[in-house]
Structures are given as structure tokens and as C-alpha cells.
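A.B. asks: Sending over a structure as C-alpha cells; questions will come in a sec.
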Amino acid sequence: MKKILFVLFVISITNLNAQNYQLRKNPLIDGQVILKDSTIITGLIKLNNSAFDVRFKKTAEDKLKKIDYKQIDRIIIDPNSSNERTFQYLKNYDTKWNKFVELTYSDSISIYIGCEDELSLFYSEFDRATLREKMNQMKFENSTRRKLSQADTIELPNGKKIRLPIRYNYYYESDFAHASGNIISLDYYLLKENSKLIPVRTNKNFLKRYIQYFDNCPNFVEAFRQKKIDVSDLPKLIEYYKSICLVGSKE
């Protein structure tokens, strides 16, 4: 009997989490889908249940159509504006699966960001909190008279700032309430031309696993080993690479 009750409890919690996930709104965004055959489709874009489930329609009156992500070269939202953002599905040295990432710094070596919650990255400018989350927040703020921050602002290597949502867990006792915020963390990647995404985590990890992809420039590898450059300042690392590795880069 206890086992049956435990199973029912697990199922109910799973269903509750699924309902929260389904109730998180994924709005339509003005943008462009550029296909690998160079076709450009302009209209309204929506990522449905995942970043790999792309829906599109040209006007608000049209029906949504699904686009195979494998046919997509890149997605641009809010094109030709200060908020323009570019997303791609790229191969990487971490896994055999493509990663959905955002281009944040375009150069001879480009910088991309990604995260486990890909939809939150794509919809970072939108409030997608579920009704349950909003009610829990209201209850906590009313009982403690404390205001909770809804997002964490992070400055990217291109100088722009991105707001990532904070999700909270709440703990209550007879005379005590506590909110624990879960901040979405970003993953950084480098991309050389005609290559795969190179994960950037720590200097030690980069030196051990990924410095080999720069063997075409021994001076760069040696500078990294001597700690003249490191992954804490990626734009500086890229400028250093260009200055010593690319012929004619100063012209």
C-alpha cells in the first residue's frame, strides 16, 4: 500500500511539473528564418515545446507551420533593430547532438552562448512565469514584505546585456519564510570558421581538451600555456589570436 501511495505521489508531482511547463507561454516574435538554401522567410516565429520545434507564419492571420530545424541556417529575431539577436543550430565537440546557441560576438573566432533551458534563452525578454509561479511569488512577498527580483542581468562579450529569468523555490514554517532562487547559467562557446563549437569553461579544461584545435598557431598555444591570455576575457583572446595567427589581419 505504501508503495502504491508513493508511486501516486511521484505521478502527481510529475503531472504538476508538466502542467507548469505547458502553461509557460511561448509568444510569437517578429523575425526571419534563413534556410540553408539561402531562402529568407520573414514573419512571426515561435519555438513550441523545445528550441528544435520551430513554428512560423507570415502574418498574424495565418496558421502556424512547422519548419524542420535541420533546414535552418539561422533565426534572427527583431531584425534591423538594437535588439536584433541571431540563433543557430551548430555541431559541437561536446556531444553528437546539435546545440541551439546565440551568436553574441562575430569575428574570425565567434562567441556563442547557450544554456540548458534553451527556451528561456530565446524568450529572455519575455515574462513566461506560470500562473502557479506568480501566485507563489505573490504569497511570499505578501507574507514577508520582501520584493523578489524576477531576472538576473548579465553583460555579454559584445557589450549587450541579457536578462535571464530567476525561478524560485519557497520554504515556509510557522514564523519563517525563505525563497531560494535558481538562476539560469550560460555556457560559452568559441567557433572557428568551418569548425564546431568549442566549449569554454575553465582555463584548465580548455588547455586539456580544446587547445588542440588551435595547433595551427603554435604561438597562440604557447601564449595560452604561459597564461598570457585566458578564457576570462574572450574578446581579448580573439584579438590576440588575430594579431599573431592570421596573416594580413592588421591590414
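Quick note on naming: the chains in the C-alpha cells go A, B, ... in the order shown, residues restart at 1 in each chain, and ligands are numbered from 1 in order of appearance.
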Just the residues within 10 Å of stretch 215-217 of chain A, please, counting only C-alpha atoms, with nothing from its chain fewer than 5 positions along; format it as an NGL selection string.

C.D. replies: :A and (210 or 222 or 241 or 244-246)

A.B. asks: Name the residues of stretch 74-249 of chain A that fall into helix (DSSP H, G or I) according to DSSP on the backbone, using the chain letters and numbers of this document, as number ranges by chain.

C.D. replies: A: 118-122, 131-144, 203-209, 211-214, 218-225, 234-245

A.B. asks: Would you output that residue set with C-alpha atoms, as a PDB file, in the first residue's frame?

C.D. replies:
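That gives us again-v5.pdb:
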ATOM      1  CA  GLU A 118      17.077  26.883 -24.319  1.00  0.00           C
ATOM      2  CA  LEU A 119      13.568  28.346 -24.428  1.00  0.00           C
ATOM      3  CA  SER A 120      14.392  30.740 -21.580  1.00  0.00           C
ATOM      4  CA  LEU A 121      17.389  31.952 -23.568  1.00  0.00           C
ATOM      5  CA  PHE A 122      15.320  32.549 -26.707  1.00  0.00           C
ATOM      6  CA  LEU A 131       0.242  31.248 -13.024  1.00  0.00           C
ATOM      7  CA  ARG A 132       1.359  28.991 -10.174  1.00  0.00           C
ATOM      8  CA  GLU A 133       4.754  30.721 -10.024  1.00  0.00           C
ATOM      9  CA  LYS A 134       3.119  34.149  -9.933  1.00  0.00           C
ATOM     10  CA  MET A 135       0.744  33.069  -7.159  1.00  0.00           C
ATOM     11  CA  ASN A 136       3.615  31.611  -5.110  1.00  0.00           C
ATOM     12  CA  GLN A 137       5.599  34.797  -5.551  1.00  0.00           C
ATOM     13  CA  MET A 138       2.648  36.950  -4.501  1.00  0.00           C
ATOM     14  CA  LYS A 139       2.069  34.806  -1.421  1.00  0.00           C
ATOM     15  CA  PHE A 140       5.726  35.043  -0.394  1.00  0.00           C
ATOM     16  CA  GLU A 141       6.006  38.802  -0.979  1.00  0.00           C
ATOM     17  CA  ASN A 142       2.765  39.496   0.903  1.00  0.00           C
ATOM     18  CA  SER A 143       3.821  37.389   3.891  1.00  0.00           C
ATOM     19  CA  THR A 144       7.400  38.703   4.116  1.00  0.00           C
ATOM     20  CA  ASN A 203      41.472  27.553 -18.390  1.00  0.00           C
ATOM     21  CA  LYS A 204      42.424  24.069 -17.192  1.00  0.00           C
ATOM     22  CA  ASN A 205      39.595  22.400 -19.114  1.00  0.00           C
ATOM     23  CA  PHE A 206      40.302  24.437 -22.249  1.00  0.00           C
ATOM     24  CA  LEU A 207      44.012  23.605 -22.127  1.00  0.00           C
ATOM     25  CA  LYS A 208      43.398  19.913 -21.534  1.00  0.00           C
ATOM     26  CA  ARG A 209      40.615  19.260 -24.059  1.00  0.00           C
ATOM     27  CA  ILE A 211      43.684  23.824 -27.146  1.00  0.00           C
ATOM     28  CA  GLN A 212      44.474  21.145 -29.759  1.00  0.00           C
ATOM     29  CA  TYR A 213      42.065  22.861 -32.155  1.00  0.00           C
ATOM     30  CA  PHE A 214      44.472  25.806 -32.283  1.00  0.00           C
ATOM     31  CA  PRO A 218      51.819  27.333 -32.048  1.00  0.00           C
ATOM     32  CA  ASN A 219      52.458  30.879 -30.799  1.00  0.00           C
ATOM     33  CA  PHE A 220      48.846  31.144 -29.639  1.00  0.00           C
ATOM     34  CA  VAL A 221      49.021  27.764 -27.888  1.00  0.00           C
ATOM     35  CA  GLU A 222      52.268  28.734 -26.148  1.00  0.00           C
ATOM     36  CA  ALA A 223      50.839  32.093 -25.048  1.00  0.00           C
ATOM     37  CA  PHE A 224      47.889  30.282 -23.503  1.00  0.00           C
ATOM     38  CA  ARG A 225      50.158  27.814 -21.722  1.00  0.00           C
ATOM     39  CA  LEU A 234      37.238  36.070 -24.719  1.00  0.00           C
ATOM     40  CA  PRO A 235      37.296  39.216 -26.933  1.00  0.00           C
ATOM     41  CA  LYS A 236      40.908  39.828 -25.796  1.00  0.00           C
ATOM     42  CA  LEU A 237      41.766  36.198 -26.540  1.00  0.00           C
ATOM     43  CA  ILE A 238      40.310  36.549 -30.031  1.00  0.00           C
ATOM     44  CA  GLU A 239      42.188  39.801 -30.730  1.00  0.00           C
ATOM     45  CA  TYR A 240      45.410  38.127 -29.632  1.00  0.00           C
ATOM     46  CA  TYR A 241      44.703  35.192 -31.939  1.00  0.00           C
ATOM     47  CA  LYS A 242      44.095  37.533 -34.869  1.00  0.00           C
ATOM     48  CA  SER A 243      47.258  39.529 -34.207  1.00  0.00           C
ATOM     49  CA  ILE A 244      49.629  36.555 -34.242  1.00  0.00           C
ATOM     50  CA  CYS A 245      47.828  33.841 -36.195  1.00  0.00           C
TER      51      CYS A 245
END

A.B. asks: Could you give me, as a tab-separated table, a per-residue list for stretch 58-141 of chain A showing, wherever an atom lies at most 8 Å from an atom of stretch 179-201 of chain A, the closest pair of atoms and their distance in Å to one decimal, using only C-alpha atoms and sorting by chain then residue number from low to high?

C.D. replies:
residue	atom	partner	partner_atom	distance
A:Leu90	CA	A:Leu197	CA	6.9
A:Lys91	CA	A:Lys196	CA	5.2
A:Asn92	CA	A:Leu197	CA	4.2
A:Tyr93	CA	A:Ile198	CA	6.0
A:Asp94	CA	A:Pro199	CA	7.2
A:Ser108	CA	A:Lys192	CA	6.6
A:Ile109	CA	A:Lys192	CA	4.7
A:Ser110	CA	A:Leu191	CA	5.1
A:Ile111	CA	A:Leu190	CA	4.8
A:Tyr112	CA	A:Tyr189	CA	5.0
A:Ile113	CA	A:Tyr188	CA	4.7
A:Gly114	CA	A:Asp187	CA	5.0
A:Cys115	CA	A:Leu186	CA	5.0
A:Asp117	CA	A:Ile184	CA	7.5
A:Phe140	CA	A:Ala179	CA	7.8

A.B. asks: Dump C-alpha atoms for the selected residues as a PDB file, in the first residue's frame?

C.D. replies:
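Generated output (again_20.pdb):
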ATOM      1  CA  LEU A  90      25.507  24.077 -34.521  1.00  0.00           C
ATOM      2  CA  LYS A  91      27.647  20.984 -34.159  1.00  0.00           C
ATOM      3  CA  ASN A  92      29.964  20.885 -31.164  1.00  0.00           C
ATOM      4  CA  TYR A  93      32.871  18.970 -29.653  1.00  0.00           C
ATOM      5  CA  ASP A  94      30.863  18.138 -26.517  1.00  0.00           C
ATOM      6  CA  SER A 108      37.403  35.369 -37.095  1.00  0.00           C
ATOM      7  CA  ILE A 109      36.581  33.380 -33.986  1.00  0.00           C
ATOM      8  CA  SER A 110      33.000  33.961 -32.918  1.00  0.00           C
ATOM      9  CA  ILE A 111      31.495  33.712 -29.444  1.00  0.00           C
ATOM     10  CA  TYR A 112      28.211  31.916 -28.795  1.00  0.00           C
ATOM     11  CA  ILE A 113      26.155  31.401 -25.667  1.00  0.00           C
ATOM     12  CA  GLY A 114      23.784  28.599 -24.771  1.00  0.00           C
ATOM     13  CA  CYS A 115      22.101  27.152 -21.712  1.00  0.00           C
ATOM     14  CA  ASP A 117      16.932  25.906 -20.654  1.00  0.00           C
ATOM     15  CA  PHE A 140       5.726  35.043  -0.394  1.00  0.00           C
TER      16      PHE A 140
END

A.B. asks: Which distance in Å separates atom CA of A:Ser81 and atom CA of A:Gly31, to one decimal?

C.D. replies: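 Taking atom CA of A:Ser81 and atom CA of A:Gly31, their separation equals 10.8 Å.
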
A.B. asks: Tell me, which residues of stretch 74-134 of chain A carry DSSP strand (DSSP E), written as a PyMOL selection string?

C.D. replies: chain A and resi 74-77+85-90+99-105+109-114

A.B. asks: Write a file of the selected residues as a short mmCIF file (atom, residue, chain, number, x, y, z; two decimals), in the first residue's frame, keeping C-alpha atoms.

C.D. replies:
data_model
loop_
_atom_site.label_atom_id
_atom_site.label_comp_id
_atom_site.auth_asym_id
_atom_site.auth_seq_id
_atom_site.Cartn_x
_atom_site.Cartn_y
_atom_site.Cartn_z
CA ARG A 74 19.89 30.77 -38.56
CA ILE A 75 16.99 32.52 -36.88
CA ILE A 76 17.05 36.29 -36.44
CA ILE A 77 14.57 37.96 -34.10
CA ARG A 85 19.55 38.56 -31.95
CA THR A 86 20.80 35.60 -34.00
CA PHE A 87 20.36 31.92 -33.11
CA GLN A 88 21.76 28.83 -34.78
CA TYR A 89 21.83 25.04 -34.52
CA LEU A 90 25.51 24.08 -34.52
CA LYS A 99 23.26 22.80 -29.81
CA PHE A 100 20.86 25.72 -30.01
CA VAL A 101 23.03 28.77 -29.36
CA GLU A 102 23.01 32.55 -29.74
CA LEU A 103 25.71 34.45 -31.61
CA THR A 104 27.00 37.25 -29.38
CA TYR A 105 30.33 38.19 -30.94
CA ILE A 109 36.58 33.38 -33.99
CA SER A 110 33.00 33.96 -32.92
CA ILE A 111 31.49 33.71 -29.44
CA TYR A 112 28.21 31.92 -28.80
CA ILE A 113 26.16 31.40 -25.67
CA GLY A 114 23.78 28.60 -24.77
#

A.B. asks: For stretch 34-45 of chain A, please output as a ChimeraX atom specification all residues within 9 Å (counting only C-alpha atoms; exclusion window: fewer than 4 positions along the same chain).

C.D. replies: /A:27-30,54-60,64,70-77

A.B. asks: Could you take the residues named above and write them with N, CA and C atoms, as a CSV table (one decimal), in the first residue's frame?

C.D. replies:
chain,number,residue,atom,x,y,z
A,27,PRO,N,5.5,33.2,-26.8
A,27,PRO,CA,4.9,34.1,-27.7
A,27,PRO,C,5.5,34.1,-29.1
A,28,LEU,N,4.8,34.7,-30.0
A,28,LEU,CA,5.3,34.9,-31.4
A,28,LEU,C,6.2,36.1,-31.4
A,29,ILE,N,7.3,36.0,-32.1
A,29,ILE,CA,8.3,37.1,-32.2
A,29,ILE,C,8.5,37.5,-33.7
A,30,ASP,N,8.6,38.7,-34.0
A,30,ASP,CA,8.9,39.2,-35.3
A,30,ASP,C,10.4,38.7,-35.6
A,54,VAL,N,10.3,24.4,-34.3
A,54,VAL,CA,10.1,25.8,-34.8
A,54,VAL,C,8.8,25.9,-35.6
A,55,ARG,N,8.0,26.9,-35.2
A,55,ARG,CA,6.8,27.2,-35.9
A,55,ARG,C,6.9,28.7,-36.5
A,56,PHE,N,6.2,28.9,-37.6
A,56,PHE,CA,6.3,30.1,-38.3
A,56,PHE,C,5.0,30.5,-39.0
A,57,LYS,N,4.7,31.7,-39.1
A,57,LYS,CA,3.6,32.2,-40.0
A,57,LYS,C,4.0,33.6,-40.5
A,58,LYS,N,3.6,34.0,-41.7
A,58,LYS,CA,3.9,35.3,-42.2
A,58,LYS,C,3.1,36.4,-41.6
A,59,THR,N,1.9,36.2,-41.3
A,59,THR,CA,1.0,37.2,-40.7
A,59,THR,C,0.3,36.6,-39.5
A,60,ALA,N,-0.3,37.5,-38.7
A,60,ALA,CA,-1.0,37.1,-37.5
A,60,ALA,C,-2.2,36.2,-37.9
A,64,LEU,N,0.0,28.6,-38.1
A,64,LEU,CA,1.4,28.2,-37.9
A,64,LEU,C,1.8,27.0,-38.6
A,70,LYS,N,16.6,21.3,-39.2
A,70,LYS,CA,17.7,20.8,-39.9
A,70,LYS,C,17.9,21.6,-41.2
A,71,GLN,N,16.8,22.3,-41.6
A,71,GLN,CA,16.9,23.1,-42.9
A,71,GLN,C,17.2,24.5,-42.6
A,72,ILE,N,17.3,24.9,-41.3
A,72,ILE,CA,17.6,26.3,-40.9
A,72,ILE,C,19.0,26.6,-40.7
A,73,ASP,N,19.5,27.7,-41.3
A,73,ASP,CA,20.8,28.1,-41.1
A,73,ASP,C,20.9,29.0,-39.9
A,74,ARG,N,19.9,29.9,-39.7
A,74,ARG,CA,19.9,30.8,-38.6
A,74,ARG,C,18.5,31.4,-38.4
A,75,ILE,N,18.2,31.8,-37.2
A,75,ILE,CA,17.0,32.5,-36.9
A,75,ILE,C,17.4,33.9,-36.3
A,76,ILE,N,16.8,34.9,-36.9
A,76,ILE,CA,17.1,36.3,-36.4
A,76,ILE,C,15.8,36.9,-35.9
A,77,ILE,N,15.8,37.3,-34.7
A,77,ILE,CA,14.6,38.0,-34.1
A,77,ILE,C,14.8,39.4,-33.9

A.B. asks: Provide the atom CA of A:Tyr168 to atom CA of A:Asn49 distance in Å, to one decimal place.

C.D. replies: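 A separation of 21.7 Å between them.
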
A.B. asks: With only C-alpha atoms as the basis for distance, which of A:Ser82, A:Asp107, A:Lys96, A:Glu116 is at the shortest distance from A:Ser50?

C.D. replies: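 The shortest atom-to-atom distance to A:Ser50 comes from A:Glu116.
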